[in-house]
>>> print(open('input.txt').read())   # compact mmCIF, C-alpha atoms
# COMPACT_ATOMS: atom_id res chain seq x y z
CA MET A 205 -209.56 -11.09 -135.48
CA LYS A 206 -206.04 -10.78 -136.79
CA ASP A 207 -204.78 -7.19 -137.02
CA LYS A 208 -204.55 -5.89 -140.54
CA GLN A 209 -201.04 -5.59 -141.94
CA LYS A 210 -199.79 -2.01 -141.80
CA PHE A 211 -197.70 -0.06 -144.30
CA ALA A 212 -196.55 3.54 -144.48
CA ILE A 213 -195.41 5.27 -147.64
CA ILE A 214 -193.37 8.35 -146.76
CA VAL A 215 -193.28 10.70 -149.73
CA ALA A 216 -190.27 12.99 -149.98
CA GLY A 217 -190.00 14.37 -153.47
CA GLY A 218 -188.96 17.93 -152.70
CA SER A 219 -186.08 19.56 -154.50
CA GLY A 220 -185.59 22.29 -151.89
CA LYS A 221 -186.36 25.14 -154.32
CA ARG A 222 -189.00 26.72 -152.11
CA MET A 223 -186.58 26.70 -149.18
CA GLY A 224 -184.30 28.97 -151.17
CA GLY A 225 -181.34 26.64 -150.79
CA ASP A 226 -179.62 23.74 -152.52
CA VAL A 227 -180.41 21.19 -149.84
CA PRO A 228 -183.77 19.45 -150.44
CA LYS A 229 -185.96 20.31 -147.48
CA GLN A 230 -186.36 16.70 -146.34
CA TYR A 231 -182.63 16.62 -145.51
CA MET A 232 -182.58 19.86 -143.53
CA ARG A 233 -181.82 19.27 -139.90
CA ILE A 234 -183.97 19.91 -136.88
CA GLY A 235 -182.80 18.78 -133.47
CA GLY A 236 -179.50 17.82 -135.13
CA LYS A 237 -181.05 15.23 -137.48
CA PRO A 238 -182.49 15.33 -141.03
CA ILE A 239 -186.24 15.94 -140.99
CA LEU A 240 -186.91 12.69 -142.84
CA MET A 241 -185.31 10.60 -140.08
CA HIS A 242 -187.61 12.16 -137.47
CA THR A 243 -190.56 11.24 -139.67
CA LEU A 244 -189.51 7.61 -140.15
CA ILE A 245 -188.79 7.25 -136.42
CA LYS A 246 -192.30 8.47 -135.60
CA PHE A 247 -193.96 5.69 -137.62
CA HIS A 248 -191.54 3.11 -136.25
CA GLU A 249 -192.40 4.25 -132.72
CA TYR A 250 -196.10 3.87 -133.46
CA ASP A 251 -195.64 0.29 -134.70
CA ALA A 252 -192.20 -1.28 -135.07
CA LYS A 253 -193.68 -4.10 -137.19
CA MET A 254 -195.03 -1.73 -139.84
CA THR A 255 -193.43 -1.85 -143.30
CA LEU A 256 -191.97 1.58 -144.13
CA ILE A 257 -191.44 2.65 -147.74
CA LEU A 258 -189.57 5.85 -148.42
CA VAL A 259 -190.16 7.46 -151.82
CA LEU A 260 -187.23 9.63 -152.90
CA PRO A 261 -186.18 10.96 -156.32
CA GLU A 262 -183.87 8.31 -157.75
CA ASP A 263 -180.92 10.69 -158.03
CA GLN A 264 -181.13 11.34 -154.27
CA HIS A 265 -180.81 7.68 -153.23
CA PRO A 266 -176.99 7.80 -152.94
CA ASP A 267 -177.20 10.92 -150.71
CA TRP A 268 -179.76 9.23 -148.50
CA LEU A 269 -177.67 6.08 -148.13
CA ARG A 270 -174.71 8.25 -147.15
CA LEU A 271 -176.83 10.07 -144.54
CA ILE A 272 -177.97 6.72 -143.13
CA ARG A 273 -174.35 5.73 -142.53
CA GLN A 274 -173.39 9.17 -141.24
CA TYR A 275 -176.20 9.17 -138.64
CA ALA A 276 -176.03 5.40 -137.97
CA PHE A 277 -179.75 5.34 -138.76
CA THR A 278 -181.11 1.84 -138.16
CA ILE A 279 -184.88 2.07 -138.69
CA PRO A 280 -185.62 -0.55 -141.41
CA HIS A 281 -187.25 0.80 -144.56
CA HIS A 282 -187.48 0.20 -148.31
CA LEU A 283 -186.72 2.78 -150.99
CA ALA A 284 -188.89 3.61 -154.01
CA ASN A 285 -188.31 6.13 -156.79
CA GLY A 286 -190.05 9.48 -156.80
CA GLY A 287 -192.06 10.59 -159.82
CA SER A 288 -192.59 13.90 -161.62
CA GLU A 289 -195.70 14.60 -159.51
CA ARG A 290 -196.64 13.51 -155.99
CA PHE A 291 -199.29 11.30 -157.61
CA TYR A 292 -196.64 9.26 -159.43
CA SER A 293 -194.47 9.05 -156.31
CA VAL A 294 -197.35 7.51 -154.35
CA LEU A 295 -198.05 5.16 -157.25
CA ASN A 296 -194.43 3.97 -157.20
CA GLY A 297 -194.67 3.38 -153.47
CA LEU A 298 -197.93 1.47 -153.82
CA GLN A 299 -196.30 -0.93 -156.29
CA LYS A 300 -193.99 -2.09 -153.51
CA LEU A 301 -196.90 -3.36 -151.38
CA ASP A 302 -197.12 -7.14 -151.49
CA ALA A 303 -200.24 -7.67 -149.37
CA ASP A 304 -203.61 -6.14 -148.53
CA GLY A 305 -204.05 -4.28 -145.25
CA LEU A 306 -203.89 -0.60 -144.35
CA VAL A 307 -201.49 1.92 -145.84
CA ALA A 308 -200.63 5.38 -144.56
CA ILE A 309 -199.44 7.97 -147.07
CA HIS A 310 -197.45 10.62 -145.23
CA ASP A 311 -195.50 13.74 -146.22
CA GLY A 312 -191.81 13.28 -145.42
CA VAL A 313 -191.70 16.91 -144.27
CA ARG A 314 -194.25 16.40 -141.47
CA PRO A 315 -192.02 15.11 -138.66
CA LEU A 316 -194.27 16.60 -135.95
CA VAL A 317 -197.18 14.25 -136.48
CA SER A 318 -198.18 12.87 -133.07
CA LEU A 319 -198.40 9.17 -132.26
CA GLU A 320 -202.03 9.87 -131.31
CA THR A 321 -202.80 11.25 -134.78
CA ILE A 322 -201.22 8.20 -136.45
CA ALA A 323 -203.23 5.91 -134.17
CA ARG A 324 -206.51 7.76 -134.82
CA CYS A 325 -206.00 7.43 -138.58
CA PHE A 326 -205.20 3.69 -138.52
CA ASP A 327 -207.98 2.95 -136.04
CA ALA A 328 -210.59 4.78 -138.11
CA ALA A 329 -209.34 3.34 -141.42
CA ALA A 330 -209.70 -0.18 -139.97
CA ILE A 331 -213.42 0.58 -139.67
CA TYR A 332 -214.14 2.97 -142.57
CA ALA A 333 -211.38 1.99 -145.11
CA THR A 334 -210.40 5.69 -145.26
CA ALA A 335 -209.23 8.19 -142.61
CA ILE A 336 -207.52 11.56 -142.92
CA PRO A 337 -206.51 13.98 -140.14
CA VAL A 338 -207.89 17.52 -140.23
CA VAL A 339 -207.65 20.62 -138.04
CA PRO A 340 -209.98 23.64 -137.88
CA VAL A 341 -208.99 26.85 -139.66
CA THR A 342 -208.17 29.54 -137.09
CA GLU A 343 -208.11 32.46 -139.55
CA SER A 344 -210.89 34.04 -141.57
CA VAL A 345 -211.00 32.53 -145.07
CA ARG A 346 -211.74 34.27 -148.35
CA TRP A 347 -212.53 32.78 -151.74
CA ASP A 348 -210.99 34.71 -154.65
CA ASN A 349 -211.11 33.89 -158.36
CA LYS A 350 -209.18 37.03 -159.40
CA VAL A 351 -212.44 38.67 -160.53
CA SER A 352 -214.26 38.92 -157.24
CA ASN A 353 -213.86 37.58 -153.73
CA LYS A 354 -216.09 36.73 -150.79
CA ALA A 355 -215.90 35.63 -147.16
CA MET A 356 -216.23 31.88 -146.54
CA ASP A 357 -217.75 30.27 -143.46
CA ARG A 358 -214.62 28.93 -141.80
CA ARG A 359 -216.61 26.75 -139.39
CA GLN A 360 -217.16 24.37 -142.32
CA LEU A 361 -213.55 24.42 -143.54
CA PHE A 362 -210.72 22.19 -142.36
CA LEU A 363 -207.02 21.99 -143.17
CA VAL A 364 -205.99 18.53 -144.25
CA GLN A 365 -202.82 16.89 -142.94
CA THR A 366 -201.24 13.49 -143.33
CA PRO A 367 -201.00 10.53 -142.67
CA GLN A 368 -203.94 9.67 -144.89
CA VAL A 369 -204.74 6.02 -144.26
CA PHE A 370 -206.66 3.69 -146.59
CA SER A 371 -207.28 0.04 -147.23
CA VAL A 372 -204.52 -1.01 -149.64
CA SER A 373 -206.96 -2.41 -152.22
CA LEU A 374 -209.09 0.75 -152.20
CA LEU A 375 -206.09 3.02 -152.65
CA LYS A 376 -204.57 0.89 -155.41
CA GLU A 377 -207.91 0.95 -157.22
CA SER A 378 -208.10 4.75 -156.85
CA TYR A 379 -204.57 5.23 -158.16
CA ASN A 380 -205.56 3.39 -161.34
CA GLN A 381 -207.21 6.64 -162.43
CA PRO A 382 -205.31 8.97 -164.76
CA PHE A 383 -203.52 11.89 -163.08
CA ASP A 384 -205.56 15.06 -162.56
CA THR A 385 -204.23 18.46 -161.46
CA THR A 386 -206.95 18.70 -158.78
CA PHE A 387 -205.28 15.80 -156.89
CA THR A 388 -203.62 17.73 -154.05
CA ASP A 389 -203.66 14.79 -151.67
CA ASP A 390 -204.65 11.11 -151.55
CA ALA A 391 -208.13 11.83 -150.23
CA SER A 392 -208.93 13.79 -153.40
CA VAL A 393 -207.82 10.79 -155.51
CA VAL A 394 -210.01 8.40 -153.49
CA GLU A 395 -212.92 10.86 -153.55
CA LYS A 396 -212.79 11.09 -157.36
CA MET A 397 -213.51 7.33 -157.41
CA GLY A 398 -216.74 8.08 -155.55
CA HIS A 399 -215.60 6.93 -152.11
CA GLU A 400 -216.47 8.82 -148.92
CA VAL A 401 -213.48 10.05 -146.92
CA HIS A 402 -213.62 9.72 -143.13
CA LEU A 403 -212.23 12.66 -141.12
CA VAL A 404 -210.39 12.35 -137.80
CA GLU A 405 -208.70 14.94 -135.59
CA GLY A 406 -205.12 15.87 -136.49
CA ASN A 407 -202.64 17.68 -134.24
CA PRO A 408 -201.96 21.39 -134.87
CA GLU A 409 -198.17 20.95 -134.54
CA ASN A 410 -198.22 18.56 -137.51
CA ILE A 411 -197.08 21.27 -139.93
CA LYS A 412 -195.64 20.72 -143.39
CA ILE A 413 -192.14 22.13 -143.61
CA THR A 414 -192.03 23.95 -146.94
CA ARG A 415 -190.84 27.51 -146.29
CA PRO A 416 -187.77 28.76 -144.40
CA MET A 417 -190.01 30.01 -141.55
CA ASP A 418 -191.47 26.52 -141.13
CA LEU A 419 -188.02 25.20 -140.23
CA LEU A 420 -187.74 27.69 -137.36
CA VAL A 421 -191.25 26.85 -136.25
CA ALA A 422 -190.60 23.09 -136.35
CA GLU A 423 -187.38 23.46 -134.38
CA ALA A 424 -189.23 25.44 -131.70
CA LEU A 425 -192.09 22.93 -131.50
CA MET A 426 -189.75 19.96 -131.37
CA ASN A 427 -187.76 21.45 -128.50
CA LYS A 428 -190.78 22.22 -126.35
CA MET B 28 -202.46 66.09 -152.17
CA LYS B 29 -202.37 66.02 -148.41
CA ASP B 30 -201.83 62.55 -146.95
CA LYS B 31 -204.93 61.10 -145.37
CA GLN B 32 -204.95 61.00 -141.58
CA LYS B 33 -204.12 57.54 -140.28
CA PHE B 34 -205.53 55.64 -137.31
CA ALA B 35 -205.02 52.13 -135.99
CA ILE B 36 -207.42 50.34 -133.67
CA ILE B 37 -205.64 47.48 -131.93
CA VAL B 38 -208.19 44.98 -130.65
CA ALA B 39 -207.17 42.92 -127.63
CA GLY B 40 -210.20 41.40 -126.04
CA GLY B 41 -208.87 37.98 -125.18
CA SER B 42 -209.38 36.48 -121.75
CA GLY B 43 -206.58 33.92 -122.11
CA LYS B 44 -208.88 30.91 -121.79
CA ARG B 45 -207.66 29.22 -124.97
CA MET B 46 -204.05 29.58 -123.78
CA GLY B 47 -204.90 27.39 -120.82
CA GLY B 48 -203.69 29.98 -118.32
CA ASP B 49 -204.89 32.89 -116.25
CA VAL B 50 -202.86 35.52 -118.10
CA PRO B 51 -204.77 36.96 -121.11
CA LYS B 52 -202.74 36.09 -124.19
CA GLN B 53 -202.10 39.70 -125.16
CA TYR B 54 -199.99 40.10 -122.00
CA MET B 55 -197.89 36.98 -122.50
CA ARG B 56 -194.28 37.81 -123.14
CA ILE B 57 -192.21 37.15 -126.20
CA GLY B 58 -188.71 38.54 -126.43
CA GLY B 59 -189.11 39.66 -122.81
CA LYS B 60 -192.05 42.00 -123.50
CA PRO B 61 -195.86 41.63 -123.54
CA ILE B 62 -197.14 40.74 -127.02
CA LEU B 63 -199.34 43.83 -127.14
CA MET B 64 -196.36 46.16 -126.77
CA HIS B 65 -194.63 44.58 -129.78
CA THR B 66 -197.82 45.16 -131.77
CA LEU B 67 -198.14 48.83 -130.81
CA ILE B 68 -194.44 49.42 -131.51
CA LYS B 69 -194.86 47.98 -135.03
CA PHE B 70 -197.55 50.52 -135.97
CA HIS B 71 -195.59 53.36 -134.36
CA GLU B 72 -192.54 52.32 -136.39
CA TYR B 73 -194.57 52.39 -139.57
CA ASP B 74 -195.83 55.92 -138.88
CA ALA B 75 -195.05 57.73 -135.64
CA LYS B 76 -197.77 60.31 -136.36
CA MET B 77 -200.53 57.72 -136.56
CA THR B 78 -203.19 57.80 -133.80
CA LEU B 79 -203.20 54.45 -131.96
CA ILE B 80 -206.27 53.24 -130.09
CA LEU B 81 -205.98 50.17 -127.93
CA VAL B 82 -209.24 48.36 -127.16
CA LEU B 83 -209.03 46.36 -123.93
CA PRO B 84 -211.73 44.95 -121.63
CA GLU B 85 -212.42 47.71 -119.11
CA ASP B 86 -211.44 45.53 -116.15
CA GLN B 87 -207.99 45.07 -117.68
CA HIS B 88 -207.17 48.77 -117.96
CA PRO B 89 -205.51 48.97 -114.50
CA ASP B 90 -203.28 45.95 -115.35
CA TRP B 91 -202.29 47.55 -118.63
CA LEU B 92 -201.41 50.87 -116.97
CA ARG B 93 -199.29 48.98 -114.46
CA LEU B 94 -197.47 47.14 -117.29
CA ILE B 95 -196.82 50.45 -119.06
CA ARG B 96 -195.05 51.74 -115.96
CA GLN B 97 -193.23 48.46 -115.35
CA TYR B 98 -191.82 48.36 -118.91
CA ALA B 99 -191.41 52.15 -119.21
CA PHE B 100 -193.51 51.90 -122.37
CA THR B 101 -193.69 55.33 -124.03
CA ILE B 102 -195.54 54.78 -127.34
CA PRO B 103 -198.52 57.18 -127.17
CA HIS B 104 -201.94 55.56 -127.46
CA HIS B 105 -205.56 55.95 -126.34
CA LEU B 106 -207.60 53.32 -124.52
CA ALA B 107 -211.11 52.17 -125.39
CA ASN B 108 -213.31 49.57 -123.70
CA GLY B 109 -213.69 46.09 -125.11
CA GLY B 110 -217.14 44.70 -125.84
CA SER B 111 -218.77 41.27 -125.50
CA GLU B 112 -217.86 40.46 -129.13
CA ARG B 113 -215.00 41.62 -131.34
CA PHE B 114 -217.64 43.56 -133.33
CA TYR B 115 -218.52 45.70 -130.31
CA SER B 116 -214.85 46.22 -129.44
CA VAL B 117 -214.19 47.63 -132.92
CA LEU B 118 -217.32 49.78 -132.64
CA ASN B 119 -216.04 51.23 -129.34
CA GLY B 120 -212.70 51.98 -130.97
CA LEU B 121 -214.36 53.64 -133.97
CA GLN B 122 -216.24 56.01 -131.68
CA LYS B 123 -212.90 57.50 -130.61
CA LEU B 124 -212.07 58.63 -134.16
CA ASP B 125 -212.54 62.38 -134.52
CA ALA B 126 -211.72 62.78 -138.24
CA ASP B 127 -212.04 61.02 -141.58
CA GLY B 128 -209.01 59.31 -143.10
CA LEU B 129 -207.85 55.70 -143.07
CA VAL B 130 -208.19 53.30 -140.16
CA ALA B 131 -206.43 49.98 -139.65
CA ILE B 132 -208.13 47.37 -137.49
CA HIS B 133 -205.51 44.98 -136.16
CA ASP B 134 -205.50 41.97 -133.84
CA GLY B 135 -203.47 42.75 -130.72
CA VAL B 136 -202.09 39.21 -130.83
CA ARG B 137 -200.44 39.64 -134.26
CA PRO B 138 -197.13 41.23 -133.27
CA LEU B 139 -195.31 39.72 -136.27
CA VAL B 140 -197.02 41.81 -138.92
CA SER B 141 -194.31 43.27 -141.16
CA LEU B 142 -193.92 46.98 -141.87
CA GLU B 143 -194.28 46.05 -145.55
CA THR B 144 -197.69 44.45 -144.91
CA ILE B 145 -198.90 47.53 -143.00
CA ALA B 146 -197.66 49.76 -145.83
CA ARG B 147 -199.32 47.64 -148.55
CA CYS B 148 -202.65 47.83 -146.71
CA PHE B 149 -202.58 51.61 -146.18
CA ASP B 150 -201.34 52.27 -149.74
CA ALA B 151 -204.07 50.14 -151.30
CA ALA B 152 -206.80 51.50 -149.01
CA ALA B 153 -205.85 55.05 -150.04
CA ILE B 154 -206.86 54.02 -153.58
CA TYR B 155 -209.63 51.45 -153.05
CA ALA B 156 -211.05 52.51 -149.63
CA THR B 157 -210.58 48.89 -148.46
CA ALA B 158 -207.53 46.62 -148.20
CA ILE B 159 -206.94 43.39 -146.31
CA PRO B 160 -203.81 41.19 -146.26
CA VAL B 161 -204.15 37.56 -147.32
CA VAL B 162 -201.79 34.60 -147.73
CA PRO B 163 -202.27 31.43 -149.79
CA VAL B 164 -203.33 28.22 -148.07
CA THR B 165 -200.44 25.74 -148.11
CA GLU B 166 -202.49 22.71 -147.01
CA SER B 167 -205.25 20.82 -148.78
CA VAL B 168 -208.65 22.13 -147.67
CA ARG B 169 -211.83 20.18 -147.07
CA TRP B 170 -215.39 21.41 -146.65
CA ASP B 171 -217.39 19.46 -144.08
CA ASN B 172 -220.94 20.08 -142.88
CA LYS B 173 -220.97 17.04 -140.55
CA VAL B 174 -223.07 15.08 -143.09
CA SER B 175 -220.65 14.89 -145.97
CA ASN B 176 -217.34 16.45 -146.94
CA LYS B 177 -215.47 17.27 -150.12
CA ALA B 178 -212.13 18.58 -151.32
CA MET B 179 -211.95 22.33 -152.05
CA ASP B 180 -209.74 23.98 -154.66
CA ARG B 181 -207.16 25.61 -152.41
CA ARG B 182 -205.81 27.76 -155.27
CA GLN B 183 -208.90 29.95 -154.82
CA LEU B 184 -208.76 30.10 -151.02
CA PHE B 185 -206.81 32.57 -148.93
CA LEU B 186 -206.23 33.02 -145.21
CA VAL B 187 -207.11 36.49 -144.02
CA GLN B 188 -204.87 38.43 -141.65
CA THR B 189 -204.91 41.93 -140.22
CA PRO B 190 -204.43 44.93 -140.41
CA GLN B 191 -207.62 45.44 -142.36
CA VAL B 192 -207.59 49.05 -143.54
CA PHE B 193 -210.62 51.10 -144.60
CA SER B 194 -211.70 54.65 -145.14
CA VAL B 195 -213.03 55.80 -141.77
CA SER B 196 -216.42 56.88 -143.16
CA LEU B 197 -216.92 53.56 -144.99
CA LEU B 198 -216.08 51.52 -141.90
CA LYS B 199 -218.27 53.62 -139.60
CA GLU B 200 -221.17 53.20 -142.03
CA SER B 201 -220.59 49.42 -142.14
CA TYR B 202 -220.50 49.15 -138.36
CA ASN B 203 -223.95 50.75 -138.21
CA GLN B 204 -225.32 47.34 -139.20
CA PRO B 205 -226.63 45.04 -136.44
CA PHE B 206 -224.20 42.37 -135.24
CA ASP B 207 -224.24 39.08 -137.16
CA THR B 208 -222.47 35.85 -136.14
CA THR B 209 -220.95 35.55 -139.64
CA PHE B 210 -218.80 38.64 -138.92
CA THR B 211 -215.42 36.98 -138.30
CA ASP B 212 -213.44 40.04 -139.37
CA ASP B 213 -213.95 43.63 -140.54
CA ALA B 214 -213.93 42.70 -144.21
CA SER B 215 -217.00 40.54 -143.69
CA VAL B 216 -218.80 43.50 -142.05
CA VAL B 217 -217.89 45.80 -144.95
CA GLU B 218 -218.81 43.15 -147.49
CA LYS B 219 -222.29 42.73 -145.97
CA MET B 220 -222.87 46.42 -146.85
CA GLY B 221 -222.26 45.51 -150.48
CA HIS B 222 -218.73 46.91 -150.72
CA GLU B 223 -215.94 45.12 -152.59
CA VAL B 224 -212.91 44.23 -150.49
CA HIS B 225 -209.47 44.73 -152.01
CA LEU B 226 -206.88 42.01 -151.29
CA VAL B 227 -203.16 42.63 -150.81
CA GLU B 228 -200.32 40.28 -149.91
CA GLY B 229 -199.79 39.61 -146.20
CA ASN B 230 -196.67 38.09 -144.63
CA PRO B 231 -196.73 34.42 -143.58
CA GLU B 232 -195.09 35.16 -140.19
CA ASN B 233 -198.04 37.37 -139.29
CA ILE B 234 -199.68 34.65 -137.19
CA LYS B 235 -202.42 35.15 -134.62
CA ILE B 236 -201.25 33.99 -131.21
CA THR B 237 -204.18 32.03 -129.80
CA ARG B 238 -202.88 28.60 -128.74
CA PRO B 239 -199.92 27.69 -126.53
CA MET B 240 -197.99 26.41 -129.56
CA ASP B 241 -198.38 29.80 -131.26
CA LEU B 242 -196.40 31.42 -128.46
CA LEU B 243 -193.44 29.10 -129.12
CA VAL B 244 -193.74 29.73 -132.83
CA ALA B 245 -193.88 33.51 -132.40
CA GLU B 246 -190.87 33.49 -130.10
CA ALA B 247 -188.88 31.51 -132.69
CA LEU B 248 -189.92 33.80 -135.55
CA MET B 249 -189.16 36.94 -133.58
CA ASN B 250 -185.66 35.75 -132.72
CA LYS B 251 -184.70 34.84 -136.28
>>> encode(input="input.txt", output="structure tokens")
Amino acid sequence: MKDKQKFAIIVAGGSGKRMGGDVPKQYMRIGGKPILMHTLIKFHEYDAKMTLILVLPEDQHPDWLRLIRQYAFTIPHHLANGGSERFYSVLNGLQKLDADGLVAIHDGVRPLVSLETIARCFDAAAIYATAIPVVPVTESVRWDNKVSNKAMDRRQLFLVQTPQVFSVSLLKESYNQPFDTTFTDDASVVEKMGHEVHLVEGNPENIKITRPMDLLVAEALMNK
Amino acid sequence: MKDKQKFAIIVAGGSGKRMGGDVPKQYMRIGGKPILMHTLIKFHEYDAKMTLILVLPEDQHPDWLRLIRQYAFTIPHHLANGGSERFYSVLNGLQKLDADGLVAIHDGVRPLVSLETIARCFDAAAIYATAIPVVPVTESVRWDNKVSNKAMDRRQLFLVQTPQVFSVSLLKESYNQPFDTTFTDDASVVEKMGHEVHLVEGNPENIKITRPMDLLVAEALMNK
């Protein structure tokens, strides 16, 4: 059996507001390199033949091209335009796919994804058409609707990471739905279509860099 | 109005198994000092008149006394014996309290609690008799019972930290209940008695050091 064609859509729409600075978080440096380059390298390391599509707000494309020259960054990738919501950014990326196969949707600000996590997602998606990485919750969890609150059973709760990998046709079909504010990730879009989502093990270091403290944490984890 | 008497029970029952080493995690060093000392110092800094009770497995008391001498650690505190479950450790600590007032129960392996978080908890508990610090969940969350899984609305979910602060009489009454495996923290014990739990804002750096990567993370956050 011929291996399915592989794609990865790296979504990097952040404006940097939550980081309290002017530099969008995907360009902040860890280990002397912009976060986004670490992320692209990771997917290229997993499979150098994979097609990589980077989704960036259109007004950031010139900055990115300048960074590529500055860092002599040679990993091949295509650019797509970011949208007003993550949903529309993914949709723009999906429109660049010219074949069926498997597509990973990954947060640009998760450079610490392990090669093992990427492999687990693609391997499971080849069987189940969907695969997302999750990790257990290590804290107690509480549900609160501003009126009352109650303890949740954390043994049945999992934190969802990326890459979220799907068959291209299934994901394109799911993204034909109208946007909904409950879509916090791709799995929730696919689920709304009535599809089961297959869970695989993520890696705890695969954090999303969104707050200033995350940058310190990522730097420490990358240097270990 | 006279200020209520304040107590803190610092629970440190860990055997170090999850850290993959022989040294219980509460003794691991960050910033050149055992984690547990940072934690005790934080509560002493918040209020030097507070009574501190450290709950440690009985067989670790000699090690702790040796560390105190080695580091010339002078923060006054009492020792209590750890139990087979966190529940019994807290119960042992509670039996050392000789007055009513407010008591904070805090994980020994959370040295990065901020003075502001401790203050918010005590201030709110003085009004509501209960107060626990929570932070929003920044990841998507999924519920999974091994048969099926579904996306949860993360806007209504919060991660629970410590210190969890209660009126002494309320907490003693709650800990009269028999142990239950759903007791993952003190709030869940108090809630089972039918009491409302008041939520206050925690600080995101206030992580629980349980895995090897947490030690790296804590070191980075402490040095910032």
>>> residues_near_point(input="input.txt", point="(-201.3, 45.6, -128.4)", cutoff="12 Å", atoms="all atoms listed in the file", output="JSON, numbers by chain")
{"B": [35, 36, 37, 38, 39, 40, 41, 51, 52, 53, 54, 55, 56, 60, 61, 62, 63, 64, 65, 66, 67, 68, 69, 70, 71, 79, 80, 81, 82, 83, 91, 94, 95, 100, 102, 103, 104, 105, 106, 132, 133, 134, 135, 136, 137, 138, 139, 140, 236]}
>>> atom_distance(input="input.txt", atom1="atom CA of Ser378 of chain A", atom2="atom CA of Leu295 of chain A")
10.1 Å
>>> closest_residue(input="input.txt", among="B:Arg93, B:Pro231, B:Leu198, B:Phe185", to="Lys350 of chain A", atoms="all atoms listed in the file")
B:Phe185
>>> interface_residues(input="input.txt", of="chain B", to="chain A", cutoff="9 Å", atoms="all atoms listed in the file", output="PyMOL selection string")
chain B and resi 161+164-173+175-188+209+211-212+214-215+218+223-226+231-232+235+237+240+243-248+251
>>> atom_distance(input="input.txt", atom1="atom CA of Lys300 of chain A", atom2="atom CA of Ala284 of chain A")
7.7 Å
>>> atom_distance(input="input.txt", atom1="atom CA of Gly59 of chain B", atom2="atom CA of Pro89 of chain B")
20.6 Å
>>> closest_residue(input="input.txt", among="B:Ile145, B:Thr78, B:Pro205, B:Asn233", to="Leu124 of chain B", atoms="only C-alpha atoms")
B:Thr78
>>> residues_around(input="input.txt", residues="Glu200 of chain B", least_positions_apart="4", cutoff="9 Å", atoms="only C-alpha atoms", output="ChimeraX atom specification")
/B:195-196,204,217,220
>>> decode(input="input.txt", residues="segment 275-286 of chain A", atoms="N, CA and C atoms", output="tab-separated table (two decimals), in the first residue's frame")
chain	number	residue	atom	x	y	z
A	275	TYR	N	17.81	34.55	8.94
A	275	TYR	CA	18.23	33.31	9.60
A	275	TYR	C	18.65	32.24	8.61
A	276	ALA	N	18.71	32.59	7.31
A	276	ALA	CA	19.05	31.63	6.26
A	276	ALA	C	18.25	30.34	6.45
A	277	PHE	N	16.93	30.52	6.60
A	277	PHE	CA	16.03	29.41	6.90
A	277	PHE	C	15.64	28.73	5.59
A	278	THR	N	15.94	27.43	5.47
A	278	THR	CA	15.80	26.78	4.17
A	278	THR	C	14.73	25.69	4.11
A	279	ILE	N	13.98	25.50	5.19
A	279	ILE	CA	12.92	24.47	5.16
A	279	ILE	C	11.83	24.94	4.17
A	280	PRO	N	11.54	24.13	3.13
A	280	PRO	CA	10.53	24.57	2.15
A	280	PRO	C	9.13	24.61	2.75
A	281	HIS	N	8.40	25.67	2.44
A	281	HIS	CA	7.01	25.77	2.92
A	281	HIS	C	6.26	26.78	2.06
A	282	HIS	N	4.92	26.65	2.06
A	282	HIS	CA	4.05	27.59	1.36
A	282	HIS	C	3.45	28.55	2.38
A	283	LEU	N	3.04	29.72	1.91
A	283	LEU	CA	2.38	30.68	2.80
A	283	LEU	C	0.89	30.77	2.45
A	284	ALA	N	0.06	30.93	3.47
A	284	ALA	CA	-1.36	31.22	3.26
A	284	ALA	C	-1.72	32.38	4.17
A	285	ASN	N	-2.82	33.04	3.88
A	285	ASN	CA	-3.23	34.21	4.66
A	285	ASN	C	-4.06	33.81	5.88
A	286	GLY	N	-3.76	34.43	7.01
A	286	GLY	CA	-4.55	34.22	8.20
A	286	GLY	C	-5.92	34.87	8.08
